[in-house]
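Colleague: You'll find coords16.txt just under this line, and it carries compact mmCIF, C-alpha atoms and all ligand atoms.
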# COMPACT_ATOMS: atom_id res chain seq x y z
CA MET Z 1 104.14 146.94 104.84
CA ARG Z 2 101.14 148.66 103.29
CA ILE Z 3 101.69 151.65 101.05
CA GLU Z 4 98.67 153.91 100.85
CA GLN Z 5 98.00 156.79 98.53
CA SER Z 6 97.38 160.16 100.15
CA GLU Z 7 93.72 161.01 100.72
CA ARG Z 8 94.01 163.77 98.12
CA LEU Z 9 95.39 161.42 95.47
CA LYS Z 10 92.74 158.80 96.20
CA GLN Z 11 90.07 161.33 95.28
CA ILE Z 12 91.16 161.71 91.67
CA PRO Z 13 90.43 159.08 89.01
CA PRO Z 14 93.26 157.47 87.03
CA TYR Z 15 94.41 159.71 84.15
CA LEU Z 16 91.87 159.36 81.33
CA PHE Z 17 94.28 158.08 78.72
CA ALA Z 18 96.14 155.68 81.01
CA GLY Z 19 93.15 153.27 80.88
CA ILE Z 20 92.84 153.58 77.12
CA GLU Z 21 96.58 152.93 76.67
CA ILE Z 22 96.30 149.69 78.68
CA LYS Z 23 93.37 148.44 76.57
CA VAL Z 24 95.20 149.28 73.32
CA ALA Z 25 98.38 147.52 74.52
CA GLN Z 26 96.33 144.40 75.38
CA MET Z 27 94.69 144.38 71.94
CA ARG Z 28 98.05 144.77 70.22
CA ALA Z 29 99.53 141.97 72.36
CA ARG Z 30 96.69 139.70 71.18
CA GLY Z 31 97.64 140.57 67.57
CA GLU Z 32 94.34 142.38 66.94
CA PRO Z 33 94.26 145.32 64.52
CA VAL Z 34 94.01 148.70 66.27
CA TYR Z 35 92.87 151.98 64.69
CA ASP Z 36 93.76 154.42 67.41
CA LEU Z 37 92.06 157.81 67.10
CA SER Z 38 92.10 158.49 70.83
CA ILE Z 39 95.16 160.40 71.92
CA GLY Z 40 96.19 163.89 70.81
CA ASP Z 41 99.72 162.92 69.89
CA PRO Z 42 100.34 163.67 66.20
CA ASP Z 43 101.85 160.95 64.03
CA LEU Z 44 103.80 163.58 62.07
CA PRO Z 45 107.53 164.08 62.72
CA THR Z 46 109.23 167.11 64.21
CA PRO Z 47 110.46 169.19 61.22
CA SER Z 48 114.02 168.13 60.37
CA GLU Z 49 115.48 171.63 60.73
CA ILE Z 50 114.25 171.75 64.35
CA VAL Z 51 115.71 168.28 64.99
CA LYS Z 52 119.05 169.53 63.60
CA ALA Z 53 118.91 172.61 65.84
CA LEU Z 54 118.31 170.33 68.84
CA GLN Z 55 121.15 167.98 67.90
CA SER Z 56 123.72 170.68 67.41
CA ALA Z 57 122.64 172.51 70.57
CA MET Z 58 123.02 169.33 72.59
CA ALA Z 59 126.55 168.81 71.34
CA ASP Z 60 127.58 172.20 72.76
CA LYS Z 61 128.90 172.04 76.34
CA GLU Z 62 127.27 175.42 77.02
CA ASN Z 63 123.84 173.77 76.77
CA GLN Z 64 124.43 170.70 78.91
CA GLY Z 65 124.15 172.02 82.47
CA TYR Z 66 121.23 172.94 84.71
CA SER Z 67 118.98 175.73 83.59
CA SER Z 68 117.16 178.24 85.70
CA SER Z 69 113.74 176.76 86.47
CA LYS Z 70 112.03 179.74 84.89
CA GLY Z 71 114.00 179.27 81.68
CA GLU Z 72 117.11 180.79 80.10
CA PRO Z 73 116.94 184.47 79.13
CA PHE Z 74 117.42 183.61 75.41
CA PHE Z 75 114.35 181.33 75.49
CA ARG Z 76 112.17 183.82 77.35
CA GLU Z 77 113.23 186.49 74.83
CA ALA Z 78 112.30 184.14 71.96
CA VAL Z 79 108.84 183.64 73.50
CA ALA Z 80 108.38 187.41 73.94
CA ASP Z 81 109.50 187.96 70.35
CA TRP Z 82 106.98 185.33 69.13
CA TYR Z 83 104.16 187.06 71.02
CA SER Z 84 105.11 190.33 69.40
CA LYS Z 85 105.21 188.89 65.87
CA ARG Z 86 102.34 186.43 66.09
CA PHE Z 87 99.86 188.36 68.28
CA GLY Z 88 101.17 191.94 68.35
CA VAL Z 89 101.49 191.73 72.15
CA LYS Z 90 104.45 193.30 73.98
CA ILE Z 91 105.78 191.07 76.76
CA ASP Z 92 108.53 191.72 79.31
CA ALA Z 93 110.69 188.58 79.03
CA SER Z 94 112.28 189.24 82.44
CA LYS Z 95 109.08 188.91 84.46
CA GLU Z 96 106.15 187.89 82.27
CA VAL Z 97 107.48 184.60 80.83
CA CYS Z 98 108.28 181.24 82.42
CA ALA Z 99 109.54 178.17 80.55
CA LEU Z 100 107.57 174.96 81.15
CA ILE Z 101 108.15 171.23 80.77
CA GLY Z 102 105.22 171.27 78.34
CA SER Z 103 102.11 173.33 78.98
CA LYS Z 104 100.51 170.47 80.97
CA GLU Z 105 103.05 170.95 83.75
CA GLY Z 106 102.29 174.67 84.02
CA LEU Z 107 98.52 174.20 83.83
CA ALA Z 108 98.71 171.92 86.87
CA ASN Z 109 101.39 173.84 88.80
CA ILE Z 110 99.67 177.22 88.50
CA SER Z 111 97.09 175.97 91.00
CA ASN Z 112 99.88 175.32 93.49
CA ALA Z 113 100.99 178.89 93.00
CA LEU Z 114 97.62 180.64 93.40
CA VAL Z 115 94.98 178.41 95.02
CA ASN Z 116 94.39 177.73 98.72
CA PRO Z 117 92.62 174.59 99.97
CA GLY Z 118 88.88 175.09 99.56
CA ASP Z 119 89.17 177.88 96.95
CA ARG Z 120 87.09 177.38 93.83
CA ILE Z 121 88.70 176.50 90.52
CA LEU Z 122 86.38 177.16 87.57
CA VAL Z 123 86.89 174.45 84.94
CA PRO Z 124 85.32 174.06 81.51
CA ASP Z 125 83.22 170.91 81.19
CA PRO Z 126 83.94 169.09 78.91
CA GLY Z 127 87.61 169.96 79.31
CA TYR Z 128 91.19 168.75 79.36
CA PRO Z 129 91.26 166.57 82.52
CA VAL Z 130 94.31 168.30 84.03
CA TYR Z 131 92.20 171.33 85.04
CA ALA Z 132 89.67 169.45 87.17
CA ASN Z 133 91.94 166.68 88.43
CA GLY Z 134 95.60 167.76 88.33
CA ALA Z 135 94.95 171.28 89.54
CA THR Z 136 92.61 170.32 92.38
CA PHE Z 137 94.95 167.53 93.47
CA MET Z 138 97.88 169.91 93.62
CA SER Z 139 96.19 172.67 95.52
CA GLY Z 140 93.29 171.19 97.45
CA GLY Z 141 91.01 173.58 95.59
CA LYS Z 142 87.49 172.60 94.58
CA ALA Z 143 86.66 172.31 90.91
CA LEU Z 144 83.40 173.92 89.80
CA ALA Z 145 82.26 172.84 86.34
CA VAL Z 146 81.45 175.57 83.83
CA PRO Z 147 79.32 173.93 81.14
CA LEU Z 148 80.27 174.21 77.47
CA LEU Z 149 77.08 173.59 75.53
CA GLU Z 150 76.68 173.01 71.82
CA GLU Z 151 73.86 175.58 71.62
CA TYR Z 152 76.36 178.26 72.74
CA ARG Z 153 79.07 176.98 70.36
CA PHE Z 154 80.83 175.40 73.33
CA LEU Z 155 81.60 178.76 74.94
CA PRO Z 156 80.68 179.27 78.61
CA GLU Z 157 77.87 181.71 79.35
CA ILE Z 158 80.00 184.16 81.28
CA GLY Z 159 77.00 185.90 82.85
CA LYS Z 160 75.88 182.63 84.43
CA ILE Z 161 79.18 181.73 86.10
CA ASP Z 162 79.04 181.83 89.90
CA PRO Z 163 82.24 183.62 90.92
CA ALA Z 164 81.87 182.99 94.68
CA GLY Z 165 85.18 181.87 96.17
CA ALA Z 166 86.79 181.43 92.74
CA LYS Z 167 90.52 182.03 92.52
CA ILE Z 168 91.30 180.85 89.02
CA MET Z 169 89.32 180.03 85.88
CA TYR Z 170 90.59 177.81 83.09
CA LEU Z 171 89.60 178.56 79.52
CA ASN Z 172 90.86 176.73 76.43
CA TYR Z 173 90.35 177.88 72.83
CA PRO Z 174 90.85 176.46 70.27
CA ASN Z 175 89.17 173.87 72.45
CA ASN Z 176 89.95 170.30 73.29
CA PRO Z 177 87.75 168.25 72.99
CA THR Z 178 85.09 170.23 71.08
CA GLY Z 179 87.28 171.95 68.46
CA ALA Z 180 85.46 175.25 69.16
CA VAL Z 181 87.14 178.65 68.75
CA ALA Z 182 86.68 181.90 70.68
CA SER Z 183 86.13 185.34 69.20
CA ARG Z 184 87.85 188.48 70.46
CA GLU Z 185 84.47 189.65 71.82
CA PHE Z 186 84.14 186.53 73.93
CA LEU Z 187 87.70 186.91 75.25
CA LYS Z 188 86.99 190.52 76.19
CA GLU Z 189 83.86 189.49 78.07
CA ALA Z 190 85.89 186.86 79.97
CA VAL Z 191 88.68 189.30 80.84
CA ASP Z 192 86.20 191.94 82.09
CA PHE Z 193 84.43 189.31 84.23
CA ALA Z 194 87.67 187.99 85.76
CA ARG Z 195 89.36 191.33 86.37
CA ASP Z 196 86.39 192.76 88.22
CA ARG Z 197 86.29 189.72 90.51
CA ASN Z 198 89.99 189.08 91.17
CA ILE Z 199 89.93 185.78 89.30
CA VAL Z 200 93.03 184.79 87.35
CA ILE Z 201 92.25 183.36 83.92
CA CYS Z 202 94.53 180.45 83.02
CA TYR Z 203 94.16 180.47 79.26
CA ASP Z 204 95.23 177.27 77.54
CA ASN Z 205 96.23 178.16 73.99
CA ALA Z 206 98.00 174.88 73.16
CA TYR Z 207 96.17 174.67 69.79
CA SER Z 208 96.63 178.32 68.77
CA GLU Z 209 98.38 177.34 65.53
CA THR Z 210 96.12 174.44 64.53
CA SER Z 211 93.36 176.51 63.01
CA PHE Z 212 91.75 175.98 59.60
CA GLY Z 213 90.22 179.41 59.12
CA GLU Z 214 90.97 182.64 60.90
CA ALA Z 215 94.12 182.55 63.06
CA ALA Z 216 93.38 181.98 66.76
CA HIS Z 217 93.77 184.84 69.23
CA SER Z 218 95.89 185.14 72.34
CA ILE Z 219 93.84 186.32 75.31
CA LEU Z 220 96.72 188.71 75.99
CA GLU Z 221 95.60 190.73 72.94
CA ILE Z 222 92.72 192.03 75.06
CA PRO Z 223 93.44 195.33 76.86
CA GLY Z 224 93.85 194.70 80.59
CA ALA Z 225 94.53 190.96 80.13
CA LEU Z 226 98.11 191.30 81.33
CA ASP Z 227 96.68 192.20 84.76
CA CYS Z 228 94.62 189.06 85.22
CA CYS Z 229 95.60 186.32 82.73
CA VAL Z 230 98.30 183.74 82.30
CA GLU Z 231 98.42 182.05 78.92
CA PHE Z 232 99.90 178.59 78.37
CA ASN Z 233 101.26 177.34 75.09
CA SER Z 234 103.95 174.97 73.86
CA CYS Z 235 105.83 173.68 70.86
CA SER Z 236 104.02 170.32 71.16
CA LYS Z 237 101.15 170.65 68.71
CA THR Z 238 102.53 173.50 66.58
CA PHE Z 239 105.80 171.79 65.67
CA ASN Z 240 104.99 168.11 66.44
CA MET Z 241 107.26 168.21 69.47
CA THR Z 242 105.07 166.49 72.07
CA GLY Z 243 107.88 164.27 73.34
CA THR Z 244 110.44 167.08 73.56
CA ARG Z 245 108.46 168.72 76.38
CA ILE Z 246 108.83 172.43 75.91
CA GLY Z 247 106.18 174.99 76.77
CA PHE Z 248 105.77 178.43 78.25
CA ALA Z 249 103.53 180.52 80.50
CA VAL Z 250 103.12 184.19 79.62
CA GLY Z 251 101.12 186.88 81.38
CA ALA Z 252 100.48 188.74 84.65
CA ALA Z 253 103.90 189.17 86.28
CA ASP Z 254 102.73 188.27 89.81
CA ALA Z 255 101.12 185.02 88.64
CA VAL Z 256 104.05 184.06 86.41
CA GLY Z 257 106.43 184.91 89.27
CA ALA Z 258 104.43 182.71 91.66
CA LEU Z 259 104.54 179.84 89.15
CA SER Z 260 108.32 180.27 88.79
CA LYS Z 261 108.64 180.15 92.59
CA VAL Z 262 106.74 176.82 92.73
CA LYS Z 263 108.90 175.41 89.97
CA SER Z 264 112.12 176.49 91.67
CA GLN Z 265 111.25 174.01 94.44
CA MET Z 266 110.32 171.20 92.06
CA ASP Z 267 112.41 171.14 88.92
CA SER Z 268 115.69 172.51 87.69
CA GLY Z 269 114.37 173.77 84.41
CA LEU Z 270 114.32 172.41 80.92
CA PRO Z 271 117.56 171.19 79.35
CA PRO Z 272 119.15 174.28 77.80
CA TYR Z 273 119.55 172.45 74.46
CA VAL Z 274 115.78 171.83 74.41
CA GLN Z 275 115.26 175.55 75.02
CA ARG Z 276 117.60 176.29 72.09
CA ALA Z 277 115.47 174.06 69.85
CA GLY Z 278 112.28 175.73 71.11
CA ALA Z 279 113.73 179.20 70.52
CA TYR Z 280 114.75 178.13 67.02
CA ALA Z 281 111.27 176.76 66.25
CA LEU Z 282 109.56 179.96 67.43
CA SER Z 283 112.01 182.06 65.41
CA LEU Z 284 110.65 180.43 62.21
CA TYR Z 285 107.71 182.86 62.55
CA LYS Z 286 108.57 186.08 60.74
CA GLY Z 287 105.20 187.71 61.37
CA ARG Z 288 101.57 186.88 62.10
CA GLU Z 289 101.46 184.17 59.39
CA PRO Z 290 102.73 180.69 60.25
CA PRO Z 291 105.91 179.42 58.58
CA GLU Z 292 105.85 176.72 55.89
CA VAL Z 293 106.44 173.81 58.33
CA VAL Z 294 103.36 174.79 60.36
CA ARG Z 295 101.20 175.48 57.29
CA LYS Z 296 102.06 172.02 55.95
CA ASN Z 297 101.00 170.39 59.22
CA VAL Z 298 97.74 172.27 59.42
CA GLY Z 299 97.04 171.31 55.80
CA VAL Z 300 97.37 167.62 56.72
CA PHE Z 301 94.93 167.97 59.64
CA ALA Z 302 92.47 169.97 57.51
CA LYS Z 303 92.35 167.15 54.92
CA ARG Z 304 91.85 164.53 57.63
CA MET Z 305 89.09 166.64 59.23
CA LYS Z 306 87.23 166.87 55.92
CA LEU Z 307 87.68 163.16 55.21
CA LEU Z 308 86.37 161.99 58.58
CA SER Z 309 83.53 164.48 58.98
CA GLU Z 310 82.25 163.80 55.44
CA GLY Z 311 82.67 160.05 55.91
CA LEU Z 312 80.69 160.08 59.16
CA CYS Z 313 77.94 162.21 57.60
CA GLU Z 314 77.70 159.73 54.71
CA ILE Z 315 77.04 156.87 57.11
CA GLY Z 316 74.38 158.87 58.94
CA ILE Z 317 76.38 160.27 61.88
CA GLN Z 318 75.85 164.00 61.66
CA CYS Z 319 78.80 166.21 62.59
CA ARG Z 320 80.34 169.50 61.56
CA PRO Z 321 84.07 169.73 60.82
CA SER Z 322 85.87 171.57 63.64
CA PRO Z 323 87.24 175.00 62.72
CA ALA Z 324 90.44 174.25 64.67
CA THR Z 325 92.42 171.55 66.56
CA PHE Z 326 92.78 167.99 65.34
CA TYR Z 327 89.70 166.77 67.20
CA LEU Z 328 86.26 165.96 65.91
CA TRP Z 329 83.56 166.03 68.61
CA VAL Z 330 80.69 163.86 67.54
CA LYS Z 331 77.22 163.51 69.05
CA VAL Z 332 76.23 159.86 69.43
CA ASN Z 333 73.17 157.85 70.33
CA GLY Z 334 73.13 156.79 73.97
CA SER Z 335 76.05 156.67 76.37
CA SER Z 336 79.47 157.75 75.19
CA VAL Z 337 81.16 154.81 76.92
CA ASP Z 338 78.82 152.28 75.25
CA PHE Z 339 79.45 153.86 71.85
CA ALA Z 340 83.23 153.90 72.38
CA ASN Z 341 83.16 150.28 73.59
CA LYS Z 342 81.18 149.22 70.55
CA LEU Z 343 83.86 150.75 68.32
CA LEU Z 344 86.59 149.23 70.47
CA GLY Z 345 85.10 145.81 69.75
CA LYS Z 346 86.05 146.45 66.09
CA GLY Z 347 89.52 147.78 66.92
CA ILE Z 348 88.60 151.48 66.67
CA VAL Z 349 89.75 153.54 69.62
CA VAL Z 350 88.03 156.86 70.37
CA THR Z 351 87.61 158.76 73.63
CA PRO Z 352 84.21 158.71 75.36
CA GLY Z 353 83.08 162.28 75.96
CA VAL Z 354 82.19 161.66 79.59
CA GLY Z 355 85.92 161.26 80.27
CA PHE Z 356 86.17 165.04 79.76
CA GLY Z 357 83.40 165.79 82.27
CA SER Z 358 79.70 165.12 82.72
CA TYR Z 359 78.72 167.64 80.01
CA GLY Z 360 80.74 165.52 77.58
CA GLU Z 361 78.21 162.70 77.94
CA GLY Z 362 76.52 161.90 74.63
CA TYR Z 363 79.64 162.70 72.57
CA VAL Z 364 82.83 160.95 71.55
CA ARG Z 365 86.09 162.52 70.45
CA PHE Z 366 87.99 161.40 67.36
CA ALA Z 367 91.64 162.55 67.27
CA LEU Z 368 92.96 162.97 63.74
CA THR Z 369 96.42 161.85 64.70
CA ARG Z 370 96.55 158.96 62.24
CA ASP Z 371 96.89 159.04 58.46
CA GLU Z 372 94.14 159.12 55.83
CA GLU Z 373 94.43 155.40 55.14
CA ILE Z 374 93.50 154.61 58.76
CA ILE Z 375 90.68 157.15 58.73
CA ARG Z 376 89.26 155.54 55.55
CA LYS Z 377 89.48 152.12 57.17
CA VAL Z 378 87.64 153.41 60.26
CA ILE Z 379 84.81 154.77 58.10
CA GLU Z 380 84.64 151.51 56.16
CA ILE Z 381 84.32 149.49 59.40
CA MET Z 382 81.74 151.87 60.89
CA LYS Z 383 79.66 151.76 57.69
CA VAL Z 384 78.63 148.16 58.38
CA MET Z 385 78.10 148.57 62.12
CA ASP Z 386 74.73 149.09 63.75
CA LEU Z 387 75.39 152.40 65.49
C1 LIG O 401 94.02 171.34 75.74
C2 LIG O 401 95.40 170.87 75.99
N1 LIG O 401 96.22 171.64 76.72
C3 LIG O 401 97.46 171.26 77.00
C4 LIG O 401 97.96 170.07 76.56
C5 LIG O 401 99.34 169.66 76.96
O1 LIG O 401 100.27 169.76 75.95
P1 LIG O 401 101.82 169.88 76.25
O2 LIG O 401 102.04 169.60 77.70
O3 LIG O 401 102.45 168.86 75.38
O4 LIG O 401 102.18 171.28 75.91
C6 LIG O 401 97.16 169.22 75.78
C7 LIG O 401 97.67 167.93 75.31
O5 LIG O 401 97.02 167.13 74.70
C8 LIG O 401 95.84 169.64 75.49
O6 LIG O 401 95.03 168.89 74.76
How does the structure come out when it is put into structure tokens?
Ligand SMILES: Cc1ncc(COP(=O)(O)O)c(C=O)c1O

Modeller:
Amino acid sequence: MRIEQSERLKQIPPYLFAGIEIKVAQMRARGEPVYDLSIGDPDLPTPSEIVKALQSAMADKENQGYSSSKGEPFFREAVADWYSKRFGVKIDASKEVCALIGSKEGLANISNALVNPGDRILVPDPGYPVYANGATFMSGGKALAVPLLEEYRFLPEIGKIDPAGAKIMYLNYPNNPTGAVASREFLKEAVDFARDRNIVICYDNAYSETSFGEAAHSILEIPGALDCCVEFNSCSKTFNMTGTRIGFAVGAADAVGALSKVKSQMDSGLPPYVQRAGAYALSLYKGREPPEVVRKNVGVFAKRMKLLSEGLCEIGIQCRPSPATFYLWVKVNGSSVDFANKLLGKGIVVTPGVGFGSYGEGYVRFALTRDEEIIRKVIEIMKVMDL
């Protein structure tokens, strides 16, 4: 018998990092040294008090059954409370919040909820691959790239976006892969554009807490945003909980309700004990300022950012440290794949920019998810390479 992928699935490339993971596994199997700065999965542990909250919640019978797919009321209340403290935004936990199995799941599933086959999906380019691939695969929509150019600080030129047939628009700041941040003025411009044209903004704020200067905004701070935006965030990057899979969607009640409806046919919610741990983690915020565990994390990434950006500058590769995220987006000579392959030949794994879209060509992304010793080693190796 022959098993064939659906036509829709055939149209999307393999997930960007799946190929990199295979290459890294092969190198490790051959006993070669690997300095992996490719994937955005922090090497730092989940803070022990959150681990303890998870362990004790799991031991309680009350937290061992199915959850509602939109999340338990206590978790949705904790998310609403966090929005109030962190961003000063009032959210109705009963209809403007949905729990997610990590923000990735929601970012893909929202297309299922809102997009019809043939509708346009506006996606930042370069951008997190789930927007252009996962979302179009789910819905049959057509991705239209919105360029993020260095000369505009990697923000889209809103006035140049063609809104024809667009149903949703993804935006992501602090940005992966460029590390760029968005001002309130930019967010207001985006909200005004979308609201006037019936486009739902799917705002990916997964790196809201990994910021080295001014705290990042929520798009929901902008007046009118609750009419036309859904924001996605998670505990993954903020609390080093990538493997625990807990995220949330917050925003326009009709869009959040539609997402919950999709999920009710697909999953039976997050384990309640995971939601308890997520609620505990969010409750560590007592106001706008991050708690000690988050500040410590951000401090580690800030030091790594300085070390790598200064090291690269010293060896003649010009780059500016990112103001946020744990990514450094570096302009290179020639093709991004050739540059990444050259580094791979020396055991250094980075992500070629073209993997994030055609406007990512000419760049590579370094993820600062390994310790300073590894970063120093990478600089030392690159110093003697002909790049
Ligand atoms: C921009 C962006 N959004 C969302 C995610 C997904 O994170 P999670 O599903 O763990 O919340 C990632 C993960 O790397 C990301 O880089």

Colleague: Find, counting only C-alpha atoms and all ligand atoms, the residue in Z:Val364, Z:Cys202, Z:Leu144, Z:Leu307 that gets nearest to ligand LIG 401 (chain O).

Modeller: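 Checking each of Z:Val364, Z:Cys202, Z:Leu144, Z:Leu307 against ligand LIG 401 (chain O), counting only C-alpha atoms and all ligand atoms, the winner is Z:Cys202.
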
Colleague: Would you mind telling me which residue in Z:Arg276, Z:Arg153, Z:Arg295, Z:Arg197 lies nearest to Arg320 in chain Z when using all atoms listed in the file?

Modeller: Z:Arg153

Colleague: Around the point (96.8, 177.1, 69.1), in the coordinates given by the file, pick out the residues reaching within 8 Å, counting only C-alpha atoms, and return them as a ChimeraX atom specification.

Modeller: /Z:173-174,205-211,216,233,237-238,325

Colleague: Output the selection as a PDB file, keeping the file's coordinate frame - C-alpha atoms for each residue.

Modeller:
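Dumped everything to selection-v3.pdb:
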ATOM      1  CA  TYR Z 173      90.350 177.880  72.830  1.00  0.00           C
ATOM      2  CA  PRO Z 174      90.850 176.460  70.270  1.00  0.00           C
ATOM      3  CA  ASN Z 205      96.230 178.160  73.990  1.00  0.00           C
ATOM      4  CA  ALA Z 206      98.000 174.880  73.160  1.00  0.00           C
ATOM      5  CA  TYR Z 207      96.170 174.670  69.790  1.00  0.00           C
ATOM      6  CA  SER Z 208      96.630 178.320  68.770  1.00  0.00           C
ATOM      7  CA  GLU Z 209      98.380 177.340  65.530  1.00  0.00           C
ATOM      8  CA  THR Z 210      96.120 174.440  64.530  1.00  0.00           C
ATOM      9  CA  SER Z 211      93.360 176.510  63.010  1.00  0.00           C
ATOM     10  CA  ALA Z 216      93.380 181.980  66.760  1.00  0.00           C
ATOM     11  CA  ASN Z 233     101.260 177.340  75.090  1.00  0.00           C
ATOM     12  CA  LYS Z 237     101.150 170.650  68.710  1.00  0.00           C
ATOM     13  CA  THR Z 238     102.530 173.500  66.580  1.00  0.00           C
ATOM     14  CA  THR Z 325      92.420 171.550  66.560  1.00  0.00           C
TER      15      THR Z 325
END

Colleague: Return as a VMD selection string the residues of protein, DNA or RNA that approach ligand LIG 401 (chain O) to within 10 Å, with only C-alpha atoms and all ligand atoms taken into account.

Modeller: chain Z and resid 39 to 42 100 to 108 127 to 131 171 to 177 179 203 to 207 232 to 238 240 to 248 325 to 327

Colleague: Which residue is closest to Phe17 in chain Z? Choose from Z:Glu4, Z:Lys70, Z:Ser38, Z:Ser94 and count only C-alpha atoms.

Modeller: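 Smallest separation from Phe17 in chain Z among the options: Z:Ser38.
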
Colleague: Identify, on the basis of only C-alpha atoms, every residue whose closest approach to Gly71 in chain Z does not exceed 9 Å; exclude the query and any residue fewer than 5 positions from it along the same chain; express the result as a PyMOL selection string.

Modeller: chain Z and resi 76+97-100+248+269-270+272+275

Colleague: If you count all atoms listed in the file, which residues fall within 7 Å of Pro124 in chain Z, apart from same-chain ones fewer than 2 positions away, as a ChimeraX atom specification?

Modeller: /Z:122,126-127,145-148,170-171

Colleague: Counting only C-alpha atoms, figure out which residue out of Z:Leu16, Z:Glu372, Z:Tyr273, Z:Glu314 gets nearest to Asp60 in chain Z.

Modeller: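 Closest to Asp60 in chain Z, using only C-alpha atoms: Z:Tyr273.
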
Colleague: Kindly indicate which residue among Z:Thr46, Z:Gln64, Z:Ser6, Z:Thr351 lies nearest to Ala281 in chain Z, using all atoms listed in the file for the distances.

Modeller: Z:Thr46

Colleague: Using only C-alpha atoms, which of Z:Lys346, Z:Arg370, Z:Lys261, Z:Arg365 sits nearest Pro33 in chain Z?

Modeller: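 Smallest separation from Pro33 in chain Z among the options: Z:Lys346.
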
Colleague: Work out how far apart CA of Pro321 in chain Z and CA of Lys306 in chain Z are and give it in Å to one decimal.

Modeller: 6.5 Å

Colleague: CA of Tyr35 in chain Z and CA of Ile375 in chain Z, how far apart in Å?

Modeller: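 Spanning CA of Ile375 in chain Z to CA of Tyr35 in chain Z is a straight-line distance of 8.2 Å.
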
Colleague: Could you name the residues that touch Phe137 in chain Z at 9 Å or less, counting only C-alpha atoms, but leaving out those on the same chain fewer than 3 positions away, as a count of residues only?

Modeller: 10

Colleague: Enter the distance from CA of Gly360 in chain Z to CA of Cys319 in chain Z, in Å, rounded to one decimal.

Modeller: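 Straight-line distance from CA of Gly360 in chain Z to CA of Cys319 in chain Z works out to 15.1 Å.
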
Colleague: Please, can range 39-43 of chain Z be completed to all heavy atoms and returned as a PDB file, in the coordinates of the input?

Modeller:
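Okay, this is what ended up in part_16.pdb:
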ATOM      1  N   ILE Z  39      94.278 159.460  71.200  1.00  0.00           N
ATOM      2  CA  ILE Z  39      95.160 160.400  71.920  1.00  0.00           C
ATOM      3  C   ILE Z  39      95.673 161.515  71.015  1.00  0.00           C
ATOM      4  O   ILE Z  39      95.974 161.291  69.833  1.00  0.00           O
ATOM      5  CB  ILE Z  39      96.328 159.625  72.575  1.00  0.00           C
ATOM      6  CG1 ILE Z  39      95.725 158.680  73.630  1.00  0.00           C
ATOM      7  CG2 ILE Z  39      97.309 160.565  73.244  1.00  0.00           C
ATOM      8  CD1 ILE Z  39      96.717 157.859  74.382  1.00  0.00           C
ATOM      9  N   GLY Z  40      95.788 162.712  71.583  1.00  0.00           N
ATOM     10  CA  GLY Z  40      96.190 163.890  70.810  1.00  0.00           C
ATOM     11  C   GLY Z  40      97.685 164.002  70.609  1.00  0.00           C
ATOM     12  O   GLY Z  40      98.272 165.041  70.903  1.00  0.00           O
ATOM     13  N   ASP Z  41      98.278 162.915  70.129  1.00  0.00           N
ATOM     14  CA  ASP Z  41      99.720 162.920  69.890  1.00  0.00           C
ATOM     15  C   ASP Z  41      99.953 162.714  68.399  1.00  0.00           C
ATOM     16  O   ASP Z  41      99.829 161.589  67.899  1.00  0.00           O
ATOM     17  CB  ASP Z  41     100.358 161.795  70.718  1.00  0.00           C
ATOM     18  CG  ASP Z  41     101.861 161.924  70.784  1.00  0.00           C
ATOM     19  OD1 ASP Z  41     102.414 162.871  70.178  1.00  0.00           O
ATOM     20  OD2 ASP Z  41     102.491 161.081  71.433  1.00  0.00           O
ATOM     21  N   PRO Z  42     100.267 163.773  67.663  1.00  0.00           N
ATOM     22  CA  PRO Z  42     100.340 163.670  66.200  1.00  0.00           C
ATOM     23  C   PRO Z  42     101.325 162.604  65.727  1.00  0.00           C
ATOM     24  O   PRO Z  42     102.368 162.395  66.344  1.00  0.00           O
ATOM     25  CB  PRO Z  42     100.804 165.052  65.766  1.00  0.00           C
ATOM     26  CG  PRO Z  42     100.638 165.947  66.927  1.00  0.00           C
ATOM     27  CD  PRO Z  42     100.632 165.098  68.156  1.00  0.00           C
ATOM     28  N   ASP Z  43     100.970 161.955  64.624  1.00  0.00           N
ATOM     29  CA  ASP Z  43     101.850 160.950  64.030  1.00  0.00           C
ATOM     30  C   ASP Z  43     102.935 161.599  63.169  1.00  0.00           C
ATOM     31  O   ASP Z  43     103.832 160.925  62.687  1.00  0.00           O
ATOM     32  CB  ASP Z  43     101.015 159.997  63.148  1.00  0.00           C
ATOM     33  CG  ASP Z  43     100.219 160.747  62.072  1.00  0.00           C
ATOM     34  OD1 ASP Z  43      99.927 161.950  62.264  1.00  0.00           O
ATOM     35  OD2 ASP Z  43      99.906 160.146  61.029  1.00  0.00           O
TER      36      ASP Z  43
END
